Structure formats: structure tokens, C-alpha cells
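So this block is structure.csv, CSV, C-alpha atoms and all ligand atoms:
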chain,number,residue,atom,x,y,z
A,1,MET,CA,12.6,-11.8,8.4
A,2,ARG,CA,9.8,-9.6,6.9
A,3,ARG,CA,7.8,-11.2,4.1
A,4,PRO,CA,7.8,-9.0,1.0
A,5,ILE,CA,4.4,-7.5,0.1
A,6,LEU,CA,3.6,-6.3,-3.4
A,7,ALA,CA,0.3,-4.5,-3.8
A,8,ALA,CA,-1.5,-3.2,-6.9
A,9,ASN,CA,-3.4,0.0,-6.3
A,10,TRP,CA,-5.7,0.3,-9.3
A,11,LYS,CA,-7.2,3.7,-8.3
A,12,MET,CA,-10.2,4.6,-10.5
A,13,HIS,CA,-9.3,2.1,-13.2
A,14,LYS,CA,-10.9,-1.1,-14.5
A,15,THR,CA,-14.6,-2.0,-14.6
A,16,ALA,CA,-15.6,-5.2,-12.8
A,17,ALA,CA,-15.4,-7.1,-16.1
A,18,GLU,CA,-11.9,-5.7,-16.8
A,19,ALA,CA,-10.8,-6.5,-13.3
A,20,ALA,CA,-12.0,-10.1,-13.6
A,21,GLU,CA,-10.2,-10.4,-16.9
A,22,PHE,CA,-6.9,-9.2,-15.3
A,23,VAL,CA,-7.3,-11.8,-12.5
A,24,GLU,CA,-7.7,-14.6,-15.0
A,25,GLU,CA,-4.5,-13.6,-16.8
A,26,PHE,CA,-2.6,-12.7,-13.7
A,27,LEU,CA,-3.0,-15.7,-11.4
A,28,PRO,CA,-1.2,-18.3,-13.6
A,29,LEU,CA,1.8,-15.8,-13.9
A,30,VAL,CA,2.3,-15.7,-10.1
A,31,ALA,CA,1.1,-19.1,-9.1
A,32,ASP,CA,4.6,-20.1,-8.1
A,33,ALA,CA,5.8,-16.7,-6.9
A,34,GLY,CA,7.0,-18.1,-3.7
A,35,SER,CA,7.2,-16.4,-0.3
A,36,VAL,CA,5.7,-13.0,-1.0
A,37,ASP,CA,2.3,-11.5,-0.2
A,38,ILE,CA,0.5,-10.4,-3.4
A,39,VAL,CA,-2.4,-7.9,-3.1
A,40,LEU,CA,-4.9,-6.4,-5.5
A,41,ALA,CA,-6.9,-3.3,-4.6
A,42,PRO,CA,-9.6,-2.8,-7.3
A,43,THR,CA,-12.4,-0.3,-7.1
A,44,PHE,CA,-15.3,-0.9,-4.8
A,45,THR,CA,-17.5,-2.0,-7.7
A,46,ALA,CA,-15.1,-4.7,-8.7
A,47,LEU,CA,-14.4,-6.1,-5.2
A,48,ASP,CA,-16.9,-8.9,-5.4
A,49,ARG,CA,-15.9,-10.1,-8.9
A,50,VAL,CA,-12.2,-10.0,-8.0
A,51,ALA,CA,-12.9,-11.8,-4.7
A,52,ASN,CA,-14.5,-14.6,-6.6
A,53,GLY,CA,-11.7,-14.8,-9.0
A,54,LEU,CA,-9.1,-14.9,-6.3
A,55,ARG,CA,-10.7,-17.6,-4.2
A,56,GLY,CA,-8.2,-20.4,-3.4
A,57,SER,CA,-5.3,-18.5,-4.9
A,58,ASN,CA,-2.2,-16.9,-3.4
A,59,VAL,CA,-3.4,-13.4,-4.0
A,60,ALA,CA,-5.2,-11.3,-1.4
A,61,LEU,CA,-7.9,-8.7,-1.8
A,62,ALA,CA,-7.7,-5.1,-0.6
A,63,ALA,CA,-10.0,-2.0,-0.5
A,64,GLN,CA,-8.7,1.4,-1.6
A,65,ASN,CA,-10.6,3.3,1.1
A,66,VAL,CA,-13.1,2.9,3.9
A,67,ASN,CA,-15.3,5.0,6.1
A,68,PRO,CA,-14.5,4.5,9.8
A,69,GLU,CA,-18.2,4.4,10.9
A,70,GLU,CA,-20.0,1.0,11.3
A,71,GLN,CA,-23.1,2.2,9.3
A,72,GLY,CA,-25.4,5.2,9.1
A,73,ALA,CA,-26.2,8.3,7.1
A,74,PHE,CA,-23.0,8.7,5.1
A,75,THR,CA,-24.1,8.8,1.5
A,76,GLY,CA,-21.6,7.2,-0.9
A,77,GLU,CA,-19.4,5.7,1.8
A,78,ILE,CA,-18.5,2.1,2.5
A,79,ALA,CA,-18.2,0.6,6.0
A,80,PRO,CA,-15.4,-1.7,7.2
A,81,GLY,CA,-17.8,-4.6,7.8
A,82,MET,CA,-18.9,-4.5,4.2
A,83,LEU,CA,-15.3,-4.9,3.1
A,84,ALA,CA,-14.7,-7.7,5.6
A,85,GLU,CA,-17.8,-9.5,4.2
A,86,LEU,CA,-16.3,-9.4,0.7
A,87,GLY,CA,-13.1,-11.0,2.0
A,88,CYS,CA,-10.8,-7.9,2.0
A,89,ARG,CA,-7.6,-8.7,3.9
A,90,TYR,CA,-6.0,-5.2,3.5
A,91,GLY,CA,-7.3,-1.7,3.2
A,92,ILE,CA,-5.4,1.3,1.9
A,93,VAL,CA,-5.7,4.4,4.1
A,94,GLY,CA,-4.1,7.9,3.9
A,95,HIS,CA,-3.2,7.7,0.2
A,96,SER,CA,-1.8,11.1,-0.9
A,97,GLU,CA,-4.6,11.5,-3.4
A,98,ARG,CA,-7.1,11.2,-0.6
A,99,ARG,CA,-5.1,13.5,1.7
A,100,ALA,CA,-4.8,16.2,-1.1
A,101,ILE,CA,-8.0,15.9,-3.2
A,102,TYR,CA,-10.4,15.0,-0.4
A,103,SER,CA,-8.6,16.9,2.4
A,104,GLU,CA,-8.4,13.8,4.7
A,105,SER,CA,-6.7,14.6,8.0
A,106,ASP,CA,-4.3,12.4,10.0
A,107,ASP,CA,-7.0,11.9,12.6
A,108,PHE,CA,-9.5,10.7,10.1
A,109,ILE,CA,-6.9,8.4,8.6
A,110,ALA,CA,-6.1,7.1,12.1
A,111,SER,CA,-9.8,6.3,12.7
A,112,LYS,CA,-10.0,4.4,9.4
A,113,ALA,CA,-7.0,2.3,10.3
A,114,ALA,CA,-8.5,1.5,13.7
A,115,ALA,CA,-11.9,0.6,12.1
A,116,LEU,CA,-10.2,-1.8,9.7
A,117,PHE,CA,-8.3,-3.4,12.5
A,118,ALA,CA,-11.6,-3.9,14.4
A,119,HIS,CA,-12.8,-5.9,11.4
A,120,GLY,CA,-9.7,-8.0,11.0
A,121,ILE,CA,-8.4,-6.1,8.0
A,122,CYS,CA,-4.8,-4.9,7.9
A,123,PRO,CA,-4.4,-1.3,7.1
A,124,ILE,CA,-1.8,-0.2,4.5
A,125,VAL,CA,-1.1,3.3,5.9
A,126,CYS,CA,0.4,5.7,3.3
A,127,VAL,CA,2.7,8.6,4.1
A,128,GLY,CA,4.8,10.9,2.0
A,129,GLU,CA,6.1,14.4,1.4
A,130,THR,CA,5.3,16.8,-1.5
A,131,LEU,CA,8.1,18.2,-3.7
A,132,GLU,CA,7.8,21.5,-1.9
A,133,GLU,CA,8.3,19.8,1.5
A,134,ARG,CA,11.3,17.8,0.2
A,135,GLU,CA,12.9,20.9,-1.2
A,136,ALA,CA,12.4,22.7,2.2
A,137,ASN,CA,14.2,19.7,3.9
A,138,ARG,CA,11.1,18.8,5.7
A,139,THR,CA,10.7,15.2,4.5
A,140,LEU,CA,11.5,13.5,7.8
A,141,ASP,CA,9.4,15.9,9.8
A,142,VAL,CA,6.3,15.6,7.5
A,143,VAL,CA,6.6,11.8,7.2
A,144,GLY,CA,7.2,11.4,10.9
A,145,ARG,CA,4.2,13.5,11.8
A,146,GLN,CA,1.9,11.7,9.4
A,147,LEU,CA,3.1,8.3,10.6
A,148,VAL,CA,2.7,8.9,14.3
A,149,ALA,CA,-0.7,10.6,13.9
A,150,SER,CA,-2.1,8.1,11.3
A,151,LEU,CA,-1.1,5.1,13.5
A,152,ALA,CA,-2.5,6.5,16.7
A,153,GLY,CA,-5.5,4.1,16.7
A,154,VAL,CA,-3.4,1.0,16.1
A,155,PRO,CA,-3.5,-1.4,19.1
A,156,GLU,CA,0.1,-2.0,20.2
A,157,ALA,CA,-0.4,-5.7,20.5
A,158,ARG,CA,-1.3,-5.9,16.8
A,159,ALA,CA,1.1,-3.3,15.5
A,160,ALA,CA,3.1,-5.9,13.5
A,161,GLU,CA,0.1,-6.5,11.2
A,162,VAL,CA,0.2,-2.9,9.9
A,163,VAL,CA,1.8,-2.2,6.6
A,164,VAL,CA,3.3,1.3,6.0
A,165,ALA,CA,3.6,2.6,2.5
A,166,TYR,CA,6.1,5.5,1.9
A,167,GLU,CA,5.1,7.3,-1.2
A,168,PRO,CA,6.8,10.6,-2.0
A,169,VAL,CA,4.0,12.6,-3.6
A,170,TRP,CA,6.4,13.9,-6.3
A,171,ALA,CA,7.1,10.3,-7.5
A,172,ILE,CA,3.5,9.2,-7.8
A,173,GLY,CA,2.4,8.8,-11.4
A,174,THR,CA,5.2,11.1,-12.6
A,175,GLY,CA,7.7,8.5,-13.8
A,176,LYS,CA,10.2,10.0,-11.2
A,177,THR,CA,11.2,7.3,-8.8
A,178,ALA,CA,13.1,8.1,-5.6
A,179,THR,CA,16.5,6.5,-5.9
A,180,PRO,CA,16.9,3.3,-3.9
A,181,GLU,CA,19.3,5.1,-1.5
A,182,LEU,CA,17.0,8.1,-1.0
A,183,ALA,CA,14.0,5.8,-0.4
A,184,GLN,CA,16.1,3.7,2.0
A,185,GLU,CA,17.0,6.8,4.0
A,186,VAL,CA,13.3,7.6,4.6
A,187,HIS,CA,12.4,4.0,5.2
A,188,ALA,CA,15.2,3.7,7.9
A,189,ALA,CA,13.8,6.8,9.6
A,190,ILE,CA,10.3,5.4,9.5
A,191,ARG,CA,11.6,2.1,10.9
A,192,SER,CA,13.2,3.9,13.8
A,193,GLN,CA,10.1,5.9,14.5
A,194,LEU,CA,8.0,2.7,14.4
A,195,GLY,CA,10.4,1.3,17.0
A,196,GLU,CA,9.7,4.4,19.2
A,197,CYS,CA,6.0,3.9,18.8
A,198,PHE,CA,5.7,0.1,19.1
A,199,GLY,CA,9.0,-1.2,20.5
A,200,ALA,CA,10.2,-4.6,19.0
A,201,ALA,CA,7.0,-4.8,16.9
A,202,GLY,CA,8.4,-1.9,14.8
A,203,ASP,CA,11.0,-4.3,13.4
A,204,ALA,CA,8.3,-6.6,12.1
A,205,ILE,CA,6.2,-3.9,10.4
A,206,ARG,CA,6.6,-4.0,6.6
A,207,ILE,CA,7.3,-0.8,4.8
A,208,GLN,CA,6.4,-0.6,1.1
A,209,TYR,CA,7.8,2.0,-1.3
A,210,GLY,CA,5.4,3.5,-3.8
A,211,GLY,CA,5.9,6.0,-6.6
A,212,SER,CA,6.5,5.0,-10.2
A,213,VAL,CA,7.6,1.5,-9.2
A,214,LYS,CA,8.1,-0.6,-12.4
A,215,PRO,CA,9.9,-3.7,-13.6
A,216,GLU,CA,13.0,-1.6,-14.4
A,217,ASN,CA,13.5,-0.3,-10.8
A,218,VAL,CA,11.8,-2.9,-8.5
A,219,ASP,CA,14.9,-5.1,-8.1
A,220,THR,CA,17.2,-2.4,-6.8
A,221,LEU,CA,14.5,-0.9,-4.6
A,222,MET,CA,13.7,-4.3,-3.0
A,223,ALA,CA,17.4,-4.8,-2.4
A,224,GLN,CA,17.4,-2.0,0.2
A,225,PRO,CA,17.3,-3.3,3.8
A,226,ASP,CA,14.2,-1.4,4.9
A,227,ILE,CA,12.2,-1.7,1.7
A,228,ASP,CA,9.9,-4.6,2.2
A,229,GLY,CA,7.5,-4.3,-0.7
A,230,ALA,CA,5.9,-1.9,-3.2
A,231,LEU,CA,2.6,-0.2,-3.7
A,232,VAL,CA,2.2,0.0,-7.4
A,233,GLY,CA,-0.2,2.2,-9.4
A,234,GLY,CA,0.3,2.6,-13.1
A,235,ALA,CA,2.6,-0.4,-13.6
A,236,SER,CA,0.0,-2.7,-11.9
A,237,LEU,CA,-2.6,-2.3,-14.5
A,238,ALA,CA,-1.2,-4.9,-17.0
A,239,PRO,CA,-0.9,-8.5,-15.7
A,240,GLU,CA,2.5,-9.3,-17.2
A,241,THR,CA,4.0,-6.0,-15.8
A,242,PHE,CA,2.7,-6.5,-12.3
A,243,ALA,CA,3.7,-10.1,-12.4
A,244,ARG,CA,7.3,-9.1,-13.2
A,245,ILE,CA,7.2,-6.7,-10.2
A,246,VAL,CA,5.9,-9.5,-7.9
A,247,ARG,CA,8.6,-11.8,-9.2
A,248,PHE,CA,11.3,-9.2,-8.5
A,249,GLU,CA,14.9,-10.4,-8.5
A,250,ARG,CA,16.5,-10.8,-5.2
A,251,LEU,CA,19.8,-9.0,-5.7
A,252,GLY,CA,22.9,-9.3,-3.5
A,253,GLY,CA,21.4,-12.0,-1.3
A,254,ALA,CA,18.4,-9.9,-0.2
A,255,SER,CA,15.8,-12.3,1.0
B,301,LIG,P1,2.3,5.0,-9.4
B,301,LIG,O1,1.2,5.1,-8.1
B,301,LIG,O2,2.9,3.6,-9.3
B,301,LIG,O3,1.4,5.1,-10.6
B,301,LIG,O4,3.3,6.1,-9.2
B,301,LIG,C1,1.6,4.6,-6.9
B,301,LIG,C2,0.5,4.9,-5.9
B,301,LIG,O5,-0.1,6.0,-5.9
B,301,LIG,O6,0.1,4.1,-5.0
Show how you would write the structure in this file as C-alpha cells.
Amino acid sequence: MRRPILAANWKMHKTAAEAAEFVEEFLPLVADAGSVDIVLAPTFTALDRVANGLRGSNVALAAQNVNPEEQGAFTGEIAPGMLAELGCRYGIVGHSERRAIYSESDDFIASKAAALFAHGICPIVCVGETLEEREANRTLDVVGRQLVASLAGVPEARAAEVVVAYEPVWAIGTGKTATPELAQEVHAAIRSQLGECFGAAGDAIRIQYGGSVKPENVDTLMAQPDIDGALVGGASLAPETFARIVRFERLGGAS
């Protein structure tokens, strides 16, 4: 059985002080959340403060980005070893904002995922189609291509540690969520593609849904058989709201 994973992607929100304040309010709200993985991805400048606040808790730390190189002349970049040193357990790669705004390619994303792995950090690999691609019926093509190419550097023996996040670009920050059925359709296609890439390990890989996840829709999304978690932007910024998402209701016997 795949353990649910609920992750907060704070993007470029919260100073280190604001992030620390969130952690203080949030931890008691999820202390007894049970068998789920809970992850916070603050900005780089807040990682250290958040890491200190999370010590000894049931919440893990994630980075929002990484440079695949070990060190060197890469002004403004952060190396995977630096993230490992701060206690990051996860790292988000391939977010659509980075693909679109910073022109990141699948190859670059694959090298980031491999670099994280080399430092014991699990990559959360994001994939998703634009509205234009969906309307042209290209969703499964686009997502399939992004998936295979972005996971190219993942060692097969450790594939089960990867987390995939399906985030339709048209649903991110727009308030438009994919219906649970529509999300499940893509998640099922991703699952079968993961099986082709990694054999039995494909069944163990957790696939998060992302795109306007909120307390009002998380329960029905999580009830889908191939939706194993959520990557949450806007609704993760307030402690009570994200805590409600973490404590989603298990509908219809979903575990
Ligand atoms: P959103 O963002 O929840 O604000 O739509 C999700 C994401 O981009 O990861």
C-alpha cells in the first residue's frame, strides 16, 4: 500500500521568520496525523530555520529546486550537497513554473533528479500539460514524454523512492481543479508508464496530484485509486488549511 504524501510548495512566499511562525502553529495541528508523509518546501532562505523547527517532528523538509552540479561557478545556484546538509529529504524538480519561466528542459530536470538521488534526497518530479495541449488531446503524449525523459537519470533499483507530481498547468493557481475522474485517468496512464520504465517498482511510486488542491476537494481526489498525495501551493500557506488537507478524509474505504 502506498503511503500518502502531502507536500506544501510555498514557492516565493514567506520570509524565514514567517516560515518559522507557520511551523510553530502547524506542528501541533498534525502531530497525530497518522500514517501520511507531510512535507514542507520553503524558499532556500528559510530552509535552515524550518529545518530547526521541524527537528524531531513528523514533518519532512524539501527544497523547491536544485542545481545538478556539485559546486562551481554557477552564480545564484544551490548544490544538492548543500540541501542534504540542511536536512532536506525531498526536492521538487520540473515544476511547470520552472519549465515555462526558466525554460528548463527534460534533460536538465533529469540531471537534477539524479543529483538529488546521489545525495540521498528523493526527487518530486513534476509533469503536466498546458491548456492548449489538453485541448489538442495531447495530454497523455506530453505527460508521457516529460515523465520518461525526466526520470531518465533515476537508478532502477531506487525507483520506488521517486515521487511524481501530476500538475495540469491550467489548474495551478487558477482555482480550476481537474475533476477527480480526469486526474485519475492521467494518474492511471502515468502508473502504467512507470511500470514500463521500472517494472514492479512502478506500483510503489507515489503519484501526487497538484493544481488548486484545497480542503474542499482533497477528500474526493485522494479517494481515487492512483492519487497518492497532493502537491499544494496556495492552500498550503495557512497552517489550518494545510493541516486540513493533510488530515484528509478517507472516503469509501480508501486507505
Ligand atoms: P496551487 O499550486 O495549489 O496554488 O494551484 C500547486 C503547485 O504549483 O504546486
Can you write out as JSON lines which residues of chain A fall within 9 Å of ligand LIG 301 (chain B), alongside each residue's closest atom pair and its distance in Å to one decimal, counting only C-alpha atoms and all ligand atoms and ordering rows by chain and ascending residue number?
{"residue": "A:Ala7", "atom": "CA", "partner": "B:LIG301", "partner_atom": "O6", "distance": 8.7}
{"residue": "A:Ala8", "atom": "CA", "partner": "B:LIG301", "partner_atom": "O6", "distance": 7.7}
{"residue": "A:Asn9", "atom": "CA", "partner": "B:LIG301", "partner_atom": "O6", "distance": 5.5}
{"residue": "A:Trp10", "atom": "CA", "partner": "B:LIG301", "partner_atom": "O6", "distance": 8.2}
{"residue": "A:Lys11", "atom": "CA", "partner": "B:LIG301", "partner_atom": "O5", "distance": 7.8}
{"residue": "A:His95", "atom": "CA", "partner": "B:LIG301", "partner_atom": "O5", "distance": 7.1}
{"residue": "A:Ser96", "atom": "CA", "partner": "B:LIG301", "partner_atom": "O5", "distance": 7.3}
{"residue": "A:Glu97", "atom": "CA", "partner": "B:LIG301", "partner_atom": "O5", "distance": 7.5}
{"residue": "A:Cys126", "atom": "CA", "partner": "B:LIG301", "partner_atom": "O6", "distance": 8.5}
{"residue": "A:Ala165", "atom": "CA", "partner": "B:LIG301", "partner_atom": "O6", "distance": 8.4}
{"residue": "A:Glu167", "atom": "CA", "partner": "B:LIG301", "partner_atom": "C2", "distance": 7.0}
{"residue": "A:Val169", "atom": "CA", "partner": "B:LIG301", "partner_atom": "O5", "distance": 8.1}
{"residue": "A:Trp170", "atom": "CA", "partner": "B:LIG301", "partner_atom": "O4", "distance": 8.9}
{"residue": "A:Ala171", "atom": "CA", "partner": "B:LIG301", "partner_atom": "O4", "distance": 5.9}
{"residue": "A:Ile172", "atom": "CA", "partner": "B:LIG301", "partner_atom": "O4", "distance": 3.4}
{"residue": "A:Gly173", "atom": "CA", "partner": "B:LIG301", "partner_atom": "O4", "distance": 3.6}
{"residue": "A:Thr174", "atom": "CA", "partner": "B:LIG301", "partner_atom": "O4", "distance": 6.3}
{"residue": "A:Gly175", "atom": "CA", "partner": "B:LIG301", "partner_atom": "O4", "distance": 6.8}
{"residue": "A:Lys176", "atom": "CA", "partner": "B:LIG301", "partner_atom": "O4", "distance": 8.2}
{"residue": "A:Thr177", "atom": "CA", "partner": "B:LIG301", "partner_atom": "O4", "distance": 8.0}
{"residue": "A:Tyr209", "atom": "CA", "partner": "B:LIG301", "partner_atom": "C1", "distance": 8.7}
{"residue": "A:Gly210", "atom": "CA", "partner": "B:LIG301", "partner_atom": "C1", "distance": 5.0}
{"residue": "A:Gly211", "atom": "CA", "partner": "B:LIG301", "partner_atom": "O4", "distance": 3.7}
{"residue": "A:Ser212", "atom": "CA", "partner": "B:LIG301", "partner_atom": "O4", "distance": 3.5}
{"residue": "A:Val213", "atom": "CA", "partner": "B:LIG301", "partner_atom": "O2", "distance": 5.1}
{"residue": "A:Lys214", "atom": "CA", "partner": "B:LIG301", "partner_atom": "O2", "distance": 7.4}
{"residue": "A:Ala230", "atom": "CA", "partner": "B:LIG301", "partner_atom": "O6", "distance": 8.5}
{"residue": "A:Leu231", "atom": "CA", "partner": "B:LIG301", "partner_atom": "O6", "distance": 5.1}
{"residue": "A:Val232", "atom": "CA", "partner": "B:LIG301", "partner_atom": "O2", "distance": 4.1}
{"residue": "A:Gly233", "atom": "CA", "partner": "B:LIG301", "partner_atom": "O2", "distance": 3.4}
{"residue": "A:Gly234", "atom": "CA", "partner": "B:LIG301", "partner_atom": "O3", "distance": 3.7}
{"residue": "A:Ala235", "atom": "CA", "partner": "B:LIG301", "partner_atom": "O2", "distance": 5.9}
{"residue": "A:Ser236", "atom": "CA", "partner": "B:LIG301", "partner_atom": "O2", "distance": 7.4}
**Asked** Which residue out of A:Phe108, A:Tyr90, A:Phe22, A:Phe248 has the minimum interatomic distance to A:Ile124 when all atoms listed in the file are used?
**Response**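 Among the listed residues, the smallest separation from A:Ile124 belongs to A:Tyr90.
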**Message:** Which residue is closest to A:Ala183? Choose from A:Leu147, A:Ala31, A:Ala79, A:Leu221 and count all atoms listed in the file.
**Reply:** A:Leu221
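Of note, atom CA of A:Ala51 and atom CA of A:Ile38 are spaced 13.5 Å apart.
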**Request:** Please provide the set of residues having any atom within 7 Å of A:Ala243, restricted to all atoms listed in the file, with same-chain residues fewer than 3 positions apart removed, written as a PyMOL selection string.
**Result:** chain A and resi 26+29-30+239-240+246-247
